[in-house]
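Engineer: Provided herewith is a single structure, encoded as structure tokens, for subsequent inquiry.
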Amino acid sequence: MKTLKQQFAEGLWTDNPGLVQLLGLCPLLAVTTSFANGLGLGLATLFVLTASNALVSATRSLLSAEIRVPVYVIIIASLVTSVELMFEAWFPAMDRSLGIFIPLIVTNCAIVARAEVFASKNPVGLSILDGFAMGSGFALLLTGIGAVRELVGHGTLFADLGMLAGLDGSPGLELFDGGFLLALLPPGAFFCLALAVAAKNALDLRSRRAHGLRRANPEPR
């Protein structure tokens with residue numbers, strides 16, 4: 001059985017849904033034009049992933065193999081509808097900014113994949129932990145790419161963060177005047193994701209090499 005540290009390391013780094021599995025790329029590439037958008041959609045996805053894992057795990061013994069996937073979709077769709085109504089009621093500016101991408105969480109492959117691969121085979125506690133770890137990893141990737149694209153494209157950081165408090169927005173930090181428009185367009189999203197994947201692979205390779213050197217040259221006792 002995996003430890004708490006191992007599960008979080010898997011969700012945040014070694015098996016990150018967006019960075020390693022490359023799942024849920026539609027919202028990841030379309031919405032992350034700012035830190036606020038990335039954080040808003042990341043939190044919504046985190047909630048849906050954690051709650052759906054819990055519900056799928058709790059009902060796994062009641063479902064036959066023939067109907068399990070349709071039931072997973074119904075569970076996820078119900079949770080997404082609840083999230084959408086909460087955004088409309090409490091965070092209307094964020095709801096307008098994210099638009100259709102809140103309902104599209106239903107089609108996020110990462111959520112269905114965790115329900116099928118993990119939650120349907122494990123108890124509720126472990127499934128909640130898995131959903132939280134994977135959702136946190138996806139949310140961190142969304143906010144990271146959003147921050148980079150906002151900084152390069154607008155020259156600002158944390159602009160419109162007030163939308164998460166139910167306000168219309170906030171000026172944020174203006175770090176320089178102007179920006180590079182390409183960062184805010186779809187090609188800029190692909191470039192940012194590619195750089196993030198390349199950086200992760202480089203760090204993993206460096207870590208493996210360092211680990212190999214330590215094994216080849218153990219410290220004398």
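Going by the structure tokens order, chains are called A, B, ..., each with residues numbered from 1, while ligands are numbered from 1 in the order shown.
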Skip Met94 (chain A) itself and residues of its chain fewer than 2 positions away, then list as a PyMOL selection string all residues within 10 Å of it, counting only C-alpha atoms.
Structural biologist: chain A and resi 36-37+40-41+87-88+90-92+96-99+160-169
Engineer: May I have the selected residues written with N, CA and C atoms, as a short mmCIF file (atom, residue, chain, number, x, y, z; two decimals), in the first residue's frame?
Structural biologist:
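Below is the file that was written, part.cif:
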```
data_model
loop_
_atom_site.label_atom_id
_atom_site.label_comp_id
_atom_site.auth_asym_id
_atom_site.auth_seq_id
_atom_site.Cartn_x
_atom_site.Cartn_y
_atom_site.Cartn_z
N ALA A 36 -5.67 33.72 -12.41
CA ALA A 36 -7.00 33.61 -11.80
C ALA A 36 -7.84 32.55 -12.50
N ASN A 37 -7.84 32.53 -13.83
CA ASN A 37 -8.60 31.53 -14.58
C ASN A 37 -8.10 30.12 -14.27
N GLY A 40 -9.17 29.17 -10.72
CA GLY A 40 -10.62 28.93 -10.63
C GLY A 40 -11.00 27.57 -11.20
N LEU A 41 -10.53 27.28 -12.40
CA LEU A 41 -10.86 25.99 -13.01
C LEU A 41 -10.15 24.86 -12.28
N PHE A 87 -20.75 28.55 -8.85
CA PHE A 87 -20.01 29.64 -9.51
C PHE A 87 -20.97 30.74 -9.96
N GLU A 88 -22.11 30.36 -10.52
CA GLU A 88 -23.09 31.36 -10.98
C GLU A 88 -23.61 32.19 -9.81
N TRP A 90 -22.15 32.55 -6.55
CA TRP A 90 -21.19 33.20 -5.66
C TRP A 90 -20.02 33.85 -6.39
N PHE A 91 -19.69 33.37 -7.58
CA PHE A 91 -18.56 33.92 -8.31
C PHE A 91 -18.96 34.22 -9.76
N PRO A 92 -19.92 35.14 -9.96
CA PRO A 92 -20.44 35.36 -11.32
C PRO A 92 -19.39 35.84 -12.31
N ARG A 96 -18.41 33.88 -15.75
CA ARG A 96 -18.41 34.46 -17.09
C ARG A 96 -17.05 34.28 -17.76
N SER A 97 -15.99 34.38 -16.99
CA SER A 97 -14.65 34.26 -17.55
C SER A 97 -14.35 32.84 -18.03
N LEU A 98 -14.77 31.84 -17.24
CA LEU A 98 -14.50 30.45 -17.62
C LEU A 98 -15.49 29.93 -18.65
N GLY A 99 -16.70 30.46 -18.62
CA GLY A 99 -17.69 30.13 -19.64
C GLY A 99 -18.00 28.65 -19.74
N ASP A 160 -7.23 40.18 -11.78
CA ASP A 160 -8.59 39.62 -11.72
C ASP A 160 -8.72 38.51 -10.68
N LEU A 161 -7.80 38.44 -9.74
CA LEU A 161 -7.90 37.42 -8.70
C LEU A 161 -9.11 37.65 -7.81
N GLY A 162 -9.59 38.89 -7.78
CA GLY A 162 -10.77 39.20 -6.98
C GLY A 162 -12.01 38.46 -7.43
N MET A 163 -12.00 37.91 -8.67
CA MET A 163 -13.15 37.14 -9.14
C MET A 163 -13.43 35.93 -8.25
N LEU A 164 -12.38 35.41 -7.61
CA LEU A 164 -12.57 34.27 -6.71
C LEU A 164 -13.17 34.67 -5.38
N ALA A 165 -13.29 35.98 -5.15
CA ALA A 165 -13.95 36.48 -3.95
C ALA A 165 -15.32 37.05 -4.27
N GLY A 166 -15.79 36.80 -5.50
CA GLY A 166 -17.10 37.29 -5.91
C GLY A 166 -17.08 38.71 -6.44
N LEU A 167 -15.89 39.30 -6.62
CA LEU A 167 -15.77 40.65 -7.15
C LEU A 167 -15.58 40.60 -8.66
N ASP A 168 -15.63 41.77 -9.29
CA ASP A 168 -15.46 41.81 -10.73
C ASP A 168 -14.01 41.65 -11.17
N GLY A 169 -13.08 41.83 -10.27
CA GLY A 169 -11.68 41.68 -10.62
C GLY A 169 -10.80 42.58 -9.78
#
```
Engineer: Could you give me, as a PDB file with N, CA and C atoms, in the first residue's frame, each residue of region 129-200 of chain A that DSSP assigns to alpha helix (DSSP H) when run on this structure's backbone?
Structural biologist:
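To be explicit, this is the file written out as selection23.pdb:
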```pdb
ATOM      1  N   LEU A 129      -8.127  10.442  -1.080  1.00  0.00           N
ATOM      2  CA  LEU A 129      -6.738  10.891  -1.086  1.00  0.00           C
ATOM      3  C   LEU A 129      -6.178  10.927  -2.505  1.00  0.00           C
ATOM      4  N   ASP A 130      -6.481   9.903  -3.290  1.00  0.00           N
ATOM      5  CA  ASP A 130      -6.022   9.866  -4.679  1.00  0.00           C
ATOM      6  C   ASP A 130      -6.619  11.017  -5.485  1.00  0.00           C
ATOM      7  N   GLY A 131      -7.921  11.246  -5.318  1.00  0.00           N
ATOM      8  CA  GLY A 131      -8.567  12.341  -6.038  1.00  0.00           C
ATOM      9  C   GLY A 131      -8.001  13.697  -5.660  1.00  0.00           C
ATOM     10  N   PHE A 132      -7.726  13.879  -4.363  1.00  0.00           N
ATOM     11  CA  PHE A 132      -7.173  15.158  -3.919  1.00  0.00           C
ATOM     12  C   PHE A 132      -5.759  15.360  -4.452  1.00  0.00           C
ATOM     13  N   ALA A 133      -4.955  14.294  -4.441  1.00  0.00           N
ATOM     14  CA  ALA A 133      -3.582  14.399  -4.929  1.00  0.00           C
ATOM     15  C   ALA A 133      -3.552  14.674  -6.426  1.00  0.00           C
ATOM     16  N   MET A 134      -4.326  13.918  -7.200  1.00  0.00           N
ATOM     17  CA  MET A 134      -4.357  14.114  -8.651  1.00  0.00           C
ATOM     18  C   MET A 134      -4.965  15.460  -9.010  1.00  0.00           C
ATOM     19  N   GLY A 135      -6.037  15.852  -8.306  1.00  0.00           N
ATOM     20  CA  GLY A 135      -6.656  17.149  -8.563  1.00  0.00           C
ATOM     21  C   GLY A 135      -5.737  18.299  -8.217  1.00  0.00           C
ATOM     22  N   SER A 136      -4.959  18.160  -7.146  1.00  0.00           N
ATOM     23  CA  SER A 136      -4.002  19.199  -6.758  1.00  0.00           C
ATOM     24  C   SER A 136      -2.904  19.345  -7.807  1.00  0.00           C
ATOM     25  N   GLY A 137      -2.426  18.203  -8.324  1.00  0.00           N
ATOM     26  CA  GLY A 137      -1.416  18.260  -9.366  1.00  0.00           C
ATOM     27  C   GLY A 137      -1.923  18.947 -10.623  1.00  0.00           C
ATOM     28  N   PHE A 138      -3.166  18.642 -11.009  1.00  0.00           N
ATOM     29  CA  PHE A 138      -3.757  19.273 -12.189  1.00  0.00           C
ATOM     30  C   PHE A 138      -3.983  20.767 -11.954  1.00  0.00           C
ATOM     31  N   ALA A 139      -4.447  21.125 -10.745  1.00  0.00           N
ATOM     32  CA  ALA A 139      -4.687  22.531 -10.424  1.00  0.00           C
ATOM     33  C   ALA A 139      -3.386  23.335 -10.402  1.00  0.00           C
ATOM     34  N   LEU A 140      -2.322  22.751  -9.862  1.00  0.00           N
ATOM     35  CA  LEU A 140      -1.031  23.443  -9.843  1.00  0.00           C
ATOM     36  C   LEU A 140      -0.509  23.673 -11.256  1.00  0.00           C
ATOM     37  N   LEU A 141      -0.705  22.691 -12.131  1.00  0.00           N
ATOM     38  CA  LEU A 141      -0.274  22.877 -13.517  1.00  0.00           C
ATOM     39  C   LEU A 141      -1.083  23.979 -14.201  1.00  0.00           C
ATOM     40  N   LEU A 142      -2.393  24.001 -13.966  1.00  0.00           N
ATOM     41  CA  LEU A 142      -3.240  25.058 -14.536  1.00  0.00           C
ATOM     42  C   LEU A 142      -2.790  26.439 -14.072  1.00  0.00           C
ATOM     43  N   THR A 143      -2.573  26.598 -12.769  1.00  0.00           N
ATOM     44  CA  THR A 143      -2.191  27.910 -12.242  1.00  0.00           C
ATOM     45  C   THR A 143      -0.783  28.285 -12.683  1.00  0.00           C
ATOM     46  N   GLY A 144       0.110  27.315 -12.775  1.00  0.00           N
ATOM     47  CA  GLY A 144       1.468  27.619 -13.212  1.00  0.00           C
ATOM     48  C   GLY A 144       1.516  28.111 -14.643  1.00  0.00           C
ATOM     49  N   ILE A 145       0.839  27.395 -15.540  1.00  0.00           N
ATOM     50  CA  ILE A 145       0.806  27.817 -16.939  1.00  0.00           C
ATOM     51  C   ILE A 145       0.064  29.142 -17.072  1.00  0.00           C
ATOM     52  N   GLY A 146      -1.022  29.306 -16.307  1.00  0.00           N
ATOM     53  CA  GLY A 146      -1.759  30.572 -16.343  1.00  0.00           C
ATOM     54  C   GLY A 146      -0.913  31.749 -15.900  1.00  0.00           C
ATOM     55  N   ALA A 147      -0.117  31.559 -14.850  1.00  0.00           N
ATOM     56  CA  ALA A 147       0.747  32.630 -14.361  1.00  0.00           C
ATOM     57  C   ALA A 147       1.795  33.019 -15.388  1.00  0.00           C
ATOM     58  N   VAL A 148       2.411  32.017 -16.032  1.00  0.00           N
ATOM     59  CA  VAL A 148       3.443  32.301 -17.045  1.00  0.00           C
ATOM     60  C   VAL A 148       2.841  33.017 -18.241  1.00  0.00           C
ATOM     61  N   ARG A 149       1.691  32.551 -18.721  1.00  0.00           N
ATOM     62  CA  ARG A 149       1.070  33.181 -19.892  1.00  0.00           C
ATOM     63  C   ARG A 149       0.601  34.603 -19.581  1.00  0.00           C
ATOM     64  N   GLU A 150       0.056  34.818 -18.381  1.00  0.00           N
ATOM     65  CA  GLU A 150      -0.359  36.163 -17.996  1.00  0.00           C
ATOM     66  C   GLU A 150       0.840  37.096 -17.888  1.00  0.00           C
ATOM     67  N   LEU A 151       1.920  36.606 -17.290  1.00  0.00           N
ATOM     68  CA  LEU A 151       3.113  37.437 -17.113  1.00  0.00           C
ATOM     69  C   LEU A 151       3.721  37.813 -18.453  1.00  0.00           C
ATOM     70  N   VAL A 152       3.875  36.837 -19.340  1.00  0.00           N
ATOM     71  CA  VAL A 152       4.492  37.111 -20.644  1.00  0.00           C
ATOM     72  C   VAL A 152       3.545  37.878 -21.553  1.00  0.00           C
ATOM     73  N   GLY A 153       2.254  37.551 -21.502  1.00  0.00           N
ATOM     74  CA  GLY A 153       1.291  38.161 -22.421  1.00  0.00           C
ATOM     75  C   GLY A 153       0.812  39.538 -22.020  1.00  0.00           C
ATOM     76  N   HIS A 154       0.659  39.771 -20.705  1.00  0.00           N
ATOM     77  CA  HIS A 154       0.118  41.056 -20.231  1.00  0.00           C
ATOM     78  C   HIS A 154       1.130  41.873 -19.445  1.00  0.00           C
ATOM     79  N   PRO A 186      -3.565  30.285 -28.593  1.00  0.00           N
ATOM     80  CA  PRO A 186      -3.392  28.829 -28.455  1.00  0.00           C
ATOM     81  C   PRO A 186      -1.962  28.327 -28.658  1.00  0.00           C
ATOM     82  N   PRO A 187      -1.191  28.856 -29.643  1.00  0.00           N
ATOM     83  CA  PRO A 187       0.199  28.373 -29.751  1.00  0.00           C
ATOM     84  C   PRO A 187       1.014  28.631 -28.486  1.00  0.00           C
ATOM     85  N   GLY A 188       0.745  29.751 -27.810  1.00  0.00           N
ATOM     86  CA  GLY A 188       1.454  30.043 -26.571  1.00  0.00           C
ATOM     87  C   GLY A 188       1.176  29.018 -25.489  1.00  0.00           C
ATOM     88  N   ALA A 189      -0.066  28.507 -25.458  1.00  0.00           N
ATOM     89  CA  ALA A 189      -0.407  27.467 -24.478  1.00  0.00           C
ATOM     90  C   ALA A 189       0.372  26.189 -24.759  1.00  0.00           C
ATOM     91  N   PHE A 190       0.473  25.804 -26.039  1.00  0.00           N
ATOM     92  CA  PHE A 190       1.235  24.609 -26.394  1.00  0.00           C
ATOM     93  C   PHE A 190       2.713  24.779 -26.048  1.00  0.00           C
ATOM     94  N   PHE A 191       3.265  25.974 -26.322  1.00  0.00           N
ATOM     95  CA  PHE A 191       4.665  26.219 -25.990  1.00  0.00           C
ATOM     96  C   PHE A 191       4.904  26.092 -24.480  1.00  0.00           C
ATOM     97  N   CYS A 192       4.002  26.680 -23.679  1.00  0.00           N
ATOM     98  CA  CYS A 192       4.159  26.623 -22.218  1.00  0.00           C
ATOM     99  C   CYS A 192       4.072  25.192 -21.709  1.00  0.00           C
ATOM    100  N   LEU A 193       3.106  24.421 -22.225  1.00  0.00           N
ATOM    101  CA  LEU A 193       2.982  23.029 -21.805  1.00  0.00           C
ATOM    102  C   LEU A 193       4.207  22.225 -22.224  1.00  0.00           C
ATOM    103  N   ALA A 194       4.687  22.453 -23.442  1.00  0.00           N
ATOM    104  CA  ALA A 194       5.870  21.729 -23.916  1.00  0.00           C
ATOM    105  C   ALA A 194       7.089  22.041 -23.052  1.00  0.00           C
ATOM    106  N   LEU A 195       7.252  23.308 -22.681  1.00  0.00           N
ATOM    107  CA  LEU A 195       8.375  23.682 -21.816  1.00  0.00           C
ATOM    108  C   LEU A 195       8.247  23.050 -20.434  1.00  0.00           C
ATOM    109  N   ALA A 196       7.010  22.983 -19.917  1.00  0.00           N
ATOM    110  CA  ALA A 196       6.792  22.359 -18.608  1.00  0.00           C
ATOM    111  C   ALA A 196       7.125  20.873 -18.651  1.00  0.00           C
ATOM    112  N   VAL A 197       6.690  20.174 -19.712  1.00  0.00           N
ATOM    113  CA  VAL A 197       6.991  18.745 -19.849  1.00  0.00           C
ATOM    114  C   VAL A 197       8.493  18.530 -20.004  1.00  0.00           C
ATOM    115  N   ALA A 198       9.142  19.380 -20.816  1.00  0.00           N
ATOM    116  CA  ALA A 198      10.584  19.254 -21.022  1.00  0.00           C
ATOM    117  C   ALA A 198      11.348  19.494 -19.717  1.00  0.00           C
ATOM    118  N   ALA A 199      10.917  20.495 -18.941  1.00  0.00           N
ATOM    119  CA  ALA A 199      11.587  20.791 -17.673  1.00  0.00           C
ATOM    120  C   ALA A 199      11.438  19.619 -16.703  1.00  0.00           C
ATOM    121  N   LYS A 200      10.232  19.023 -16.654  1.00  0.00           N
ATOM    122  CA  LYS A 200      10.029  17.868 -15.763  1.00  0.00           C
ATOM    123  C   LYS A 200      10.915  16.697 -16.183  1.00  0.00           C
TER     124      LYS A 200
END
```
Engineer: So which bits of region 1-219 of chain A end up strand (DSSP E) when you DSSP the backbone, as JSON, numbers by chain?
Structural biologist: {"A": [156, 157, 173, 174]}
Engineer: Write out, as a PDB file, in the first residue's frame, the residues just selected, with N, CA and C atoms.
Structural biologist:
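Saved the output as part_36.pdb:
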```
ATOM      1  N   THR A 156       1.496  41.317 -16.289  1.00  0.00           N
ATOM      2  CA  THR A 156       0.884  41.400 -14.951  1.00  0.00           C
ATOM      3  C   THR A 156       0.889  40.028 -14.297  1.00  0.00           C
ATOM      4  N   LEU A 157       0.556  40.014 -13.018  1.00  0.00           N
ATOM      5  CA  LEU A 157       0.439  38.766 -12.271  1.00  0.00           C
ATOM      6  C   LEU A 157      -0.663  38.932 -11.230  1.00  0.00           C
ATOM      7  N   LEU A 173      -0.615  42.731  -9.989  1.00  0.00           N
ATOM      8  CA  LEU A 173       0.715  43.339 -10.010  1.00  0.00           C
ATOM      9  C   LEU A 173       1.126  43.603 -11.455  1.00  0.00           C
ATOM     10  N   GLU A 174       1.391  44.860 -11.775  1.00  0.00           N
ATOM     11  CA  GLU A 174       1.866  45.197 -13.120  1.00  0.00           C
ATOM     12  C   GLU A 174       3.387  45.243 -13.077  1.00  0.00           C
TER      13      GLU A 174
END
```
Engineer: List the spatial neighbours of Lys121 (chain A) as a PyMOL selection string - criterion: any atom at most 8 Å away, only C-alpha atoms, same-chain residues fewer than 4 positions off excluded.
Structural biologist: chain A and resi 57+60+116-117
Engineer: Write the residues of the selection above to a file with C-alpha atoms, as a PDB file, in the first residue's frame.
Structural biologist:
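Output file out_6.pdb follows:
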```pdb
ATOM      1  CA  SER A  57     -15.651   4.083  -4.400  1.00  0.00           C
ATOM      2  CA  ARG A  60     -18.483   0.244  -6.451  1.00  0.00           C
ATOM      3  CA  GLU A 116     -12.130   3.607 -13.441  1.00  0.00           C
ATOM      4  CA  VAL A 117      -8.476   2.947 -12.619  1.00  0.00           C
TER       5      VAL A 117
END
```
Engineer: Measuring between only C-alpha atoms, which one of A:Ile67, A:Thr45, A:Asn201, A:Phe180 shows the shortest distance to Ile111 (chain A)?
Structural biologist: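 Of A:Ile67, A:Thr45, A:Asn201, A:Phe180, the one nearest Ile111 (chain A), counting only C-alpha atoms, is A:Thr45.
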